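Visitor: First, the structure itself, so that you have it in front of you.
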Amino acid sequence: MKAFTQSRGRPAWYKPDTGLAARMVLTMFLLGAVYVIFGAVLFKIGVSLIFLILIAVVIGFVQLFFADKIALGSMGAKEVSEEEAPDLHSMIGRLAAAADLPKPKIAIVNSSIPNAFATGRDKDHAVVAITTGIMNQLNPQELEAVVAHELTHIVNRDMLVMTIATFFSMVLALLMRNLFWIGMFGGFGGGGGYGRGNRDNEGGGFALAILASLVTYVLSFLLIRALSRYRELAADRGSALITGAPSNLASALLRISNSIEHARIPQQDFRQASAVNALFIVPALRGDSLGNLFSTHPSIEERVRRLEEMQRQLEMTGHV
């Protein structure tokens with residue numbers, strides 16, 4: 001295990017990202033409005049939602065309390081004790097103190113993909129997972145910057161919002177599947193068909209439900225992607241403020257991106273990473289970065305440009 005440098009401590013001017021907070025509130029409000037309208041459409045055409053609501057509650061409980069275990073399990077992450085990884089614990093402990101956080105649990109993923117992610121429902125149940133690939137490829141200062149980025153996600157509580165937003169999408173997918181089978185076997189209203197007029201009404205209701213589902217899914221998809229991109233920029237900013245060295249994170253992002261793009265990483269590692277791709281500091285799946293509107297992350301070029309500008313500002317104000 002590499003030796004790590006001492007963190008510079010939390011700058012006095014570090015503040016929570018109010019822009020991110022406003023966007024999280026707005027996203028949740030808009031998602032709620034979209035789903036209320038969707039539910040009203042289903043109610044209007046006579047779909048019974050009691051059973052689906054019960055399933056949604058169960059899914060929500062699992063998402064909220066077991067999302068971290070699901071994410072870690074999908075990557076084969078192994079939680080490590082302070083005895084097993086003393087240097088890593090020491091570095092993350094210092095950065096957590098600098099970010100005014102309790103030290104999160106630490107997990108290591110045996111993967112050649114150089115990456116990291118944070119998960120958990122709140123700061124008291126957070127886990128920072130780091131791959132062996134990123135520990136082998138980054139220097140100590142770059143690794144500190146990456147960890148500070150992940151800790152900022154915990155500070156900003158955006159992990160919980162993303163979990164809830166993703167839960168909405170899961171419920172919608174469940175509704176869409178059930179609507180398909182409802183339309184195939186009996187339609188809406190349960191009449192089983194009392195003449196052509198009734199069948200036409202059921203067919204119209206089914207078409208309306210499918211259309212409402214598709215519109216709701218597209219709107220949810222775009223809202224979640226927009227929030228996800230901004231939260232990454234906010235975490236970049238938090239890392240720069242905590243460490244006092246934006247250039248370290250810029251260097252780390254470029255190194256990670258180039259490694260993912262050019263290295264011979266086993267396809268098994270990429271398949272394993274697909275479940276938590278949106279949580280990674282840099283998307284492991286290359287297709288995820290195509291098209292700004294549909295990407296979960298901003299472009300590396302934009303992120304590096306912002307960090308370099310922060311570095312210049314810090315140098316001008318004498319904070320470095």
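Quick note on naming: the chains in the structure tokens go A, B, ... in the order shown, residues restart at 1 in each chain, and ligands are numbered from 1 in order of appearance.
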Using DSSP on the backbone coordinates, identify the residues of segment 91-138 of chain A assigned to strand (DSSP E); present them as a list in words.

Guide: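 Those residues are Lys105, Ile106, Ala107, Ile108, Val109, Ala116, Phe117, Ala118, Thr119, Val127, Val128, Ala129, Ile130 and Thr131 of chain A.
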
Visitor: Name the residues of segment 27-155 of chain A that come out as alpha helix (DSSP H) in a backbone DSSP run; write them as an MDAnalysis selection string.

Guide: chainID A and resid 27:44 50:75 86:98 132:137 140:155

Visitor: Pick from A:Ala250, A:Val161, A:Val80, A:Ala85: nearest to Ala145 of chain A, with only C-alpha atoms counted?

Guide: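 Distance minimum relative to Ala145 of chain A lands on A:Ala250.
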
Visitor: Ranking A:Gly46, A:Gly238, A:Gly93, A:Gly120 by minimum distance to His149 of chain A and counting only C-alpha atoms, which one comes first?

Guide: A:Gly238

Visitor: Neighbours of Met159 of chain A within 9 Å (only C-alpha atoms; same-chain residues fewer than 6 positions away dropped), as a list in words?

Guide: Ala118, Thr119, Gly120, Arg121, Asp122, His153 and Leu279 of chain A
